[in-house]
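Structure file target.tsv with TSV, C-alpha atoms:
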```tsv
chain	number	residue	atom	x	y	z
M	1	MET	CA	36.41	-6.12	11.91
M	2	ASN	CA	32.72	-6.78	11.47
M	3	TRP	CA	32.39	-3.63	9.39
M	4	MET	CA	35.33	-4.70	7.20
M	5	LYS	CA	33.76	-8.10	6.60
M	6	ARG	CA	30.44	-6.53	5.67
M	7	ALA	CA	32.17	-4.08	3.34
M	8	ALA	CA	33.97	-6.95	1.63
M	9	ARG	CA	30.72	-8.80	1.08
M	10	TRP	CA	29.00	-5.67	-0.28
M	11	ALA	CA	31.92	-5.00	-2.63
M	12	GLY	CA	31.08	-8.26	-4.36
M	13	ASN	CA	27.40	-7.44	-4.50
M	14	PRO	CA	26.72	-3.93	-5.86
M	15	ARG	CA	22.98	-4.23	-5.14
M	16	SER	CA	23.61	-5.00	-1.46
M	17	LEU	CA	26.07	-2.12	-1.24
M	18	GLY	CA	23.61	0.24	-2.91
M	19	GLU	CA	20.77	-0.74	-0.60
M	20	ALA	CA	23.02	-0.40	2.45
M	21	LEU	CA	24.03	3.11	1.40
M	22	ARG	CA	20.43	4.09	0.73
M	23	ALA	CA	19.36	2.78	4.12
M	24	ARG	CA	22.01	4.98	5.68
M	25	PHE	CA	21.44	8.20	3.73
M	26	ASP	CA	17.77	8.13	2.66
M	27	PRO	CA	16.52	9.37	6.07
M	28	LEU	CA	18.54	12.55	5.47
M	29	ARG	CA	17.76	12.84	1.78
M	30	TYR	CA	13.99	12.60	2.22
M	31	TRP	CA	13.66	14.26	5.62
M	32	ALA	CA	10.76	16.67	6.14
M	33	PRO	CA	9.31	18.26	9.29
M	34	GLY	CA	7.01	15.74	10.97
M	35	GLY	CA	7.72	12.94	8.51
M	36	TYR	CA	9.40	12.45	5.13
M	37	ARG	CA	8.86	13.62	1.56
M	38	ALA	CA	6.73	10.70	0.53
M	39	SER	CA	5.97	11.91	-3.00
M	40	ARG	CA	9.65	12.32	-3.85
M	41	TYR	CA	10.69	9.11	-2.09
M	42	TRP	CA	8.19	6.95	-3.96
M	43	ALA	CA	8.72	8.72	-7.27
M	44	ASP	CA	12.45	8.02	-7.02
M	45	ARG	CA	11.91	4.43	-5.95
M	46	LEU	CA	9.39	3.66	-8.70
M	47	PHE	CA	11.57	5.37	-11.29
M	48	ARG	CA	14.51	3.20	-10.20
M	49	PHE	CA	12.66	-0.13	-10.18
M	50	ARG	CA	9.83	0.58	-12.65
M	51	PHE	CA	7.57	-2.53	-12.71
M	52	ASP	CA	10.01	-4.76	-10.87
M	53	LEU	CA	8.21	-5.65	-7.62
M	54	GLN	CA	11.33	-4.85	-5.63
M	55	GLY	CA	10.21	-1.23	-5.89
M	56	VAL	CA	6.97	-1.73	-4.01
M	57	GLY	CA	8.05	-4.83	-2.12
M	58	ASN	CA	11.30	-5.68	-0.37
M	59	ALA	CA	14.30	-4.22	-2.20
M	60	ALA	CA	16.61	-6.53	-0.26
M	61	LEU	CA	15.01	-9.57	-1.92
M	62	SER	CA	15.41	-10.67	-5.51
M	63	SER	CA	12.83	-9.98	-8.20
M	64	GLY	CA	11.77	-13.62	-8.15
M	65	GLU	CA	11.38	-13.66	-4.38
M	66	ASN	CA	9.23	-10.54	-4.53
M	67	GLU	CA	7.11	-12.02	-7.31
M	68	ARG	CA	6.45	-15.17	-5.28
M	69	MET	CA	5.67	-13.10	-2.19
M	70	TYR	CA	3.22	-10.93	-4.12
M	71	ARG	CA	1.58	-13.94	-5.72
M	72	ARG	CA	0.86	-15.42	-2.30
M	73	ALA	CA	-0.34	-12.02	-1.05
M	74	GLY	CA	-2.71	-11.73	-3.99
M	75	GLU	CA	-4.18	-15.13	-3.19
M	76	VAL	CA	-4.82	-14.03	0.42
M	77	PHE	CA	-6.41	-10.80	-0.81
M	78	LEU	CA	-8.76	-12.76	-3.06
M	79	SER	CA	-9.59	-15.18	-0.26
M	80	LEU	CA	-10.55	-12.28	1.99
M	81	CYS	CA	-12.67	-10.71	-0.75
M	82	ARG	CA	-14.51	-13.99	-1.31
M	83	THR	CA	-15.19	-14.28	2.42
M	84	LEU	CA	-16.57	-10.74	2.39
M	85	LYS	CA	-18.68	-11.59	-0.68
M	86	ILE	CA	-17.25	-8.82	-2.83
M	87	GLU	CA	-18.46	-9.06	-6.43
M	88	PHE	CA	-15.71	-7.46	-8.49
M	89	SER	CA	-17.79	-7.10	-11.65
M	90	ARG	CA	-20.35	-4.99	-9.76
M	91	THR	CA	-17.99	-3.01	-7.54
M	92	GLU	CA	-16.29	0.35	-7.94
M	93	MET	CA	-12.76	-0.09	-6.61
M	94	LEU	CA	-10.44	2.56	-5.21
M	95	ASP	CA	-6.84	1.32	-4.95
M	96	ILE	CA	-4.84	3.64	-2.68
M	97	GLY	CA	-1.10	3.41	-3.31
M	98	CYS	CA	-1.59	1.60	-6.62
M	99	GLY	CA	2.15	1.50	-7.37
M	100	THR	CA	2.85	-0.92	-10.22
M	101	GLY	CA	-0.84	-1.75	-10.70
M	102	TYR	CA	-0.52	-5.21	-9.17
M	103	TYR	CA	-4.00	-5.13	-7.64
M	104	ALA	CA	-5.42	-3.43	-10.71
M	105	GLY	CA	-4.40	-6.59	-12.55
M	106	ILE	CA	-6.13	-8.82	-10.01
M	107	PHE	CA	-9.27	-6.67	-10.14
M	108	ARG	CA	-9.41	-6.89	-13.94
M	109	GLU	CA	-8.75	-10.65	-13.94
M	110	GLN	CA	-11.73	-11.07	-11.60
M	111	GLY	CA	-14.04	-9.18	-13.95
M	112	GLY	CA	-13.72	-5.73	-12.40
M	113	LYS	CA	-14.55	-2.80	-14.65
M	114	SER	CA	-14.73	0.36	-12.53
M	115	TYR	CA	-11.31	1.14	-11.04
M	116	LEU	CA	-9.49	4.20	-9.77
M	117	GLY	CA	-5.87	3.92	-8.68
M	118	VAL	CA	-4.33	6.78	-6.70
M	119	ASP	CA	-0.72	7.24	-5.68
M	120	VAL	CA	1.56	10.00	-4.40
M	121	ALA	CA	3.84	9.31	-7.39
M	122	ASP	CA	2.68	9.21	-11.02
M	123	VAL	CA	5.93	7.90	-12.56
M	124	LEU	CA	4.28	4.72	-13.86
M	125	PHE	CA	0.91	6.21	-14.83
M	126	PRO	CA	1.54	6.48	-18.61
M	127	GLU	CA	2.34	2.77	-18.82
M	128	LEU	CA	-0.45	1.83	-16.39
M	129	ARG	CA	-2.99	3.64	-18.56
M	130	ARG	CA	-1.72	1.72	-21.56
M	131	ARG	CA	-1.87	-1.62	-19.74
M	132	PHE	CA	-5.31	-1.02	-18.24
M	133	PRO	CA	-7.50	0.79	-20.76
M	134	GLY	CA	-10.70	2.00	-19.13
M	135	PHE	CA	-9.13	2.19	-15.67
M	136	SER	CA	-8.34	5.59	-14.16
M	137	PHE	CA	-5.19	6.73	-12.37
M	138	LEU	CA	-4.83	9.91	-10.34
M	139	LYS	CA	-1.93	11.45	-8.47
M	140	LEU	CA	-3.24	12.15	-4.97
M	141	ASP	CA	-1.93	12.06	-1.41
M	142	VAL	CA	-4.70	10.43	0.60
M	143	ALA	CA	-3.09	11.73	3.79
M	144	ALA	CA	-3.45	15.35	2.71
M	145	GLU	CA	-5.94	15.66	-0.17
M	146	ALA	CA	-9.64	14.84	-0.11
M	147	LEU	CA	-10.96	12.04	-2.25
M	148	SER	CA	-14.12	12.38	-4.29
M	149	GLY	CA	-16.90	9.89	-5.02
M	150	THR	CA	-17.83	6.74	-3.14
M	151	PHE	CA	-16.53	3.21	-3.61
M	152	GLY	CA	-17.80	-0.25	-2.76
M	153	LEU	CA	-14.25	-1.54	-2.34
M	154	ILE	CA	-11.31	0.52	-1.11
M	155	ALA	CA	-7.96	-1.25	-0.93
M	156	MET	CA	-4.98	0.11	0.94
M	157	ILE	CA	-2.41	-2.66	0.69
M	158	ASP	CA	1.04	-2.12	2.25
M	159	VAL	CA	0.37	1.61	2.48
M	160	THR	CA	-0.79	2.74	5.92
M	161	GLN	CA	2.59	2.07	7.55
M	162	HIS	CA	4.16	4.53	5.12
M	163	ILE	CA	2.01	7.39	6.42
M	164	THR	CA	4.31	8.32	9.26
M	165	SER	CA	2.66	11.54	10.42
M	166	PRO	CA	-0.08	10.97	13.04
M	167	LYS	CA	-2.03	13.90	11.57
M	168	GLY	CA	-1.70	12.52	8.05
M	169	PHE	CA	-2.68	9.03	9.17
M	170	SER	CA	-5.84	10.33	10.88
M	171	PHE	CA	-6.69	12.37	7.78
M	172	ALA	CA	-6.22	9.30	5.55
M	173	LEU	CA	-8.51	7.05	7.58
M	174	ARG	CA	-11.17	9.77	7.81
M	175	ASN	CA	-10.81	10.27	4.05
M	176	VAL	CA	-11.44	6.57	3.46
M	177	ARG	CA	-14.39	6.44	5.87
M	178	GLU	CA	-16.11	9.40	4.21
M	179	HIS	CA	-15.81	7.88	0.74
M	180	LEU	CA	-16.71	4.28	1.54
M	181	ALA	CA	-20.14	3.50	0.14
M	182	PRO	CA	-22.86	2.17	2.49
M	183	GLY	CA	-22.20	-1.54	2.84
M	184	GLY	CA	-18.80	-1.07	1.20
M	185	THR	CA	-15.59	-2.68	2.39
M	186	PHE	CA	-12.17	-1.25	3.16
M	187	THR	CA	-9.39	-3.85	2.87
M	188	VAL	CA	-6.23	-2.80	4.65
M	189	THR	CA	-2.94	-4.26	5.85
M	190	SER	CA	-1.11	-3.52	9.09
M	191	TRP	CA	1.28	-5.07	11.57
M	192	LEU	CA	-1.44	-4.51	14.22
M	193	ASP	CA	1.30	-3.98	16.76
M	194	GLY	CA	2.38	-0.49	17.67
M	195	ARG	CA	5.84	-1.76	18.58
M	196	ALA	CA	6.52	-3.91	15.51
M	197	ARG	CA	8.55	-1.48	13.43
M	198	ARG	CA	9.56	2.12	13.03
M	199	SER	CA	11.82	3.80	10.48
M	200	PHE	CA	11.85	7.11	8.66
M	201	TYR	CA	9.22	5.81	6.21
M	202	GLU	CA	7.40	3.14	8.24
M	203	VAL	CA	5.38	3.30	11.45
M	204	SER	CA	3.56	0.42	13.18
M	205	ARG	CA	0.10	0.94	14.62
M	206	ALA	CA	-2.20	-1.25	16.70
M	207	LEU	CA	-5.71	-2.40	15.84
M	208	ASP	CA	-7.37	0.06	18.22
M	209	VAL	CA	-6.52	3.01	15.94
M	210	TYR	CA	-8.62	1.40	13.20
M	211	ASN	CA	-11.43	0.64	15.63
M	212	ALA	CA	-11.49	4.29	16.67
M	213	ALA	CA	-11.53	5.54	13.07
M	214	PHE	CA	-14.36	3.24	11.92
M	215	PRO	CA	-16.99	3.16	14.67
M	216	GLY	CA	-20.06	1.09	13.87
M	217	CYS	CA	-18.26	-0.86	11.14
M	218	ARG	CA	-17.80	-4.63	11.03
M	219	PHE	CA	-14.22	-5.93	11.18
M	220	SER	CA	-13.28	-9.29	9.68
M	221	PRO	CA	-10.76	-11.54	11.45
M	222	PRO	CA	-7.23	-10.57	10.31
M	223	LEU	CA	-5.44	-12.98	7.99
M	224	PRO	CA	-1.64	-13.39	7.78
M	225	PHE	CA	-0.41	-11.32	4.85
M	226	ARG	CA	3.32	-11.22	4.01
M	227	ASP	CA	4.89	-9.90	7.23
M	228	LYS	CA	1.65	-8.21	8.27
M	229	TRP	CA	-2.10	-8.87	8.55
M	230	ILE	CA	-4.93	-8.07	6.18
M	231	PHE	CA	-8.52	-7.49	7.25
M	232	GLY	CA	-11.73	-5.95	5.99
M	233	ILE	CA	-13.75	-3.12	7.51
M	234	THR	CA	-17.32	-3.07	6.24
M	235	ALA	CA	-19.51	0.01	6.58
M	236	PRO	CA	-23.13	-0.30	7.70
M	237	SER	CA	-25.63	-0.64	4.87
M	238	ALA	CA	-27.91	2.25	4.07
M	239	PRO	CA	-31.14	2.24	6.11
```
Exercise: express the given structure as C-alpha cells:
Amino acid sequence: MNWMKRAARWAGNPRSLGEALRARFDPLRYWAPGGYRASRYWADRLFRFRFDLQGVGNAALSSGENERMYRRAGEVFLSLCRTLKIEFSRTEMLDIGCGTGYYAGIFREQGGKSYLGVDVADVLFPELRRRFPGFSFLKLDVAAEALSGTFGLIAMIDVTQHITSPKGFSFALRNVREHLAPGGTFTVTSWLDGRARRSFYEVSRALDVYNAAFPGCRFSPPLPFRDKWIFGITAPSAP
C-alpha cells in the first residue's frame, strides 16, 4: 500500500518519479570496480541540468531552493575567506570540481583575476569560457591525475564526498597538498563524521583524515555550510 501511494504521488510529479528511478538504477548504471564512473556520472548530470543549480546541488529541491541554498553557502565561503585574510585580487585560485562556475563568479566579483577551474566533466566548459574570459578551465580528475603549478587558494567545495575510493581520496588530498603554495589555504567541505552518509557516489569521512593528510598545517574552526562544514587548511609559510 505504501508503494502504491508513493507511485500515485510520483505519477503526478514527473520530476519526483524521474529522480526516484535514477536513485534506484544509477548505482548499476555508473558502477565501476572500487567506486563509480565519476566522469560519466557528472557529465550526464551536468548535461541534463546545465547551469541549473539542481545539477550540482540537490536535485530533489527546486531551482529556487537550490539558488537560495547556494547563495547562503557563498556568503559562508566569503566569511571564511575574510577570516583567513585571503586577498582575491592577489591570489591564484584553483577551483576543484568547478561545475557550473558558481565559485568562479564569486572569485571574479571579489576582484580575482588568476583562476583555474578543473572538473572531471567538461560539458559546460565552452559556456564557462565565454562567461569568464581570462579564466582557465581544464578537464582533470584530481583523484587520479597530477595537478601542475602552485596556488594560494585551493577550493574543493562539495567535492571530497564524491571521491568514493579510499585510494583516490588519498591521492586527491596529496595532490592538493603538493600544489598548495607556502602560506596558501585549502578551503574544503565535509560532513566531518565518518558515519554521516554513504551511497554509491558519496562517502562521509571524519576530520582526522584531513589532519593526517596535512601535517604541520593550521586548521580553522569549521563553519556550518549547507548540510556539511567548511574549514580552511593553511600551509606553513616559506622559511
| request: Enter the distance from CA of Leu223 (chain M) to CA of Ala143 (chain M), in Å, rounded to one decimal. | output: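 Distance between the two atoms: 25.2 Å.
Of the listed residues M:Arg48, M:Arg68, M:His162, M:Arg90, the one whose atoms come nearest to Asp141 (chain M) is M:His162, with distances taken using all atoms listed in the file.
With CA of Ala235 (chain M) on one side and CA of Ser220 (chain M) on the other, the separation reads 11.6 Å.
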| Which residues, written as a ChimeraX atom specification, have at least one atom at most 12 Å from Leu78 (chain M), with all atoms listed in the file counted and residues fewer than 6 positions away on the same chain left out? | /M:71-72,84-88,103,106-107,109-110,155,187,223,225,230-232
| task | In the coordinates of the file, take the point (-3.7, -6.7, -0.4) and a cut-off of 7 Å; then, counting all atoms listed in the file, name each qualifying protein, DNA or RNA residue as a ChimeraX atom specification. | result | /M:73-74,77,155,157,188-189,230
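Put simply, CA of Lys167 (chain M) is 17.6 Å away from CA of Ser190 (chain M).
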| query | Any idea what's packed within 10 Å of Thr160 (chain M), counting all atoms listed in the file, ignoring anything in its chain fewer than 2 positions away? Could you give it as a PyMOL selection string? | reply | chain M and resi 96-97+143+156-158+162-164+169+172-173+188-191+202-205
| Which residues, written as an MDAnalysis selection string, have at least one atom at most 8 Å from Ala38 (chain M), with only C-alpha atoms counted and residues fewer than 6 positions away on the same chain left out? | chainID M and resid 30 120 201
Centre and edges of the region 134-149 of chain M box, axis-aligned, 6 Å extra per side, as AutoDock Vina command-line options:
```
--center_x -9.4 --center_y 8.8 --center_z -7.7 --size_x 27.0 --size_y 25.7 --size_z 34.9
```
| query | Which is closest to Arg197 (chain M) among M:Arg218, M:Lys139, M:Arg82, M:Lys228, if we use only C-alpha atoms? | reply |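 Checking each of M:Arg218, M:Lys139, M:Arg82, M:Lys228 against Arg197 (chain M), counting only C-alpha atoms, the winner is M:Lys228.
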| Within 7 Å of Leu138 (chain M) using all atoms listed in the file, minus same-chain residues under 2 positions, as a list in words | Gly117, Val118, Asp119, Ser136 and Leu140 of chain M
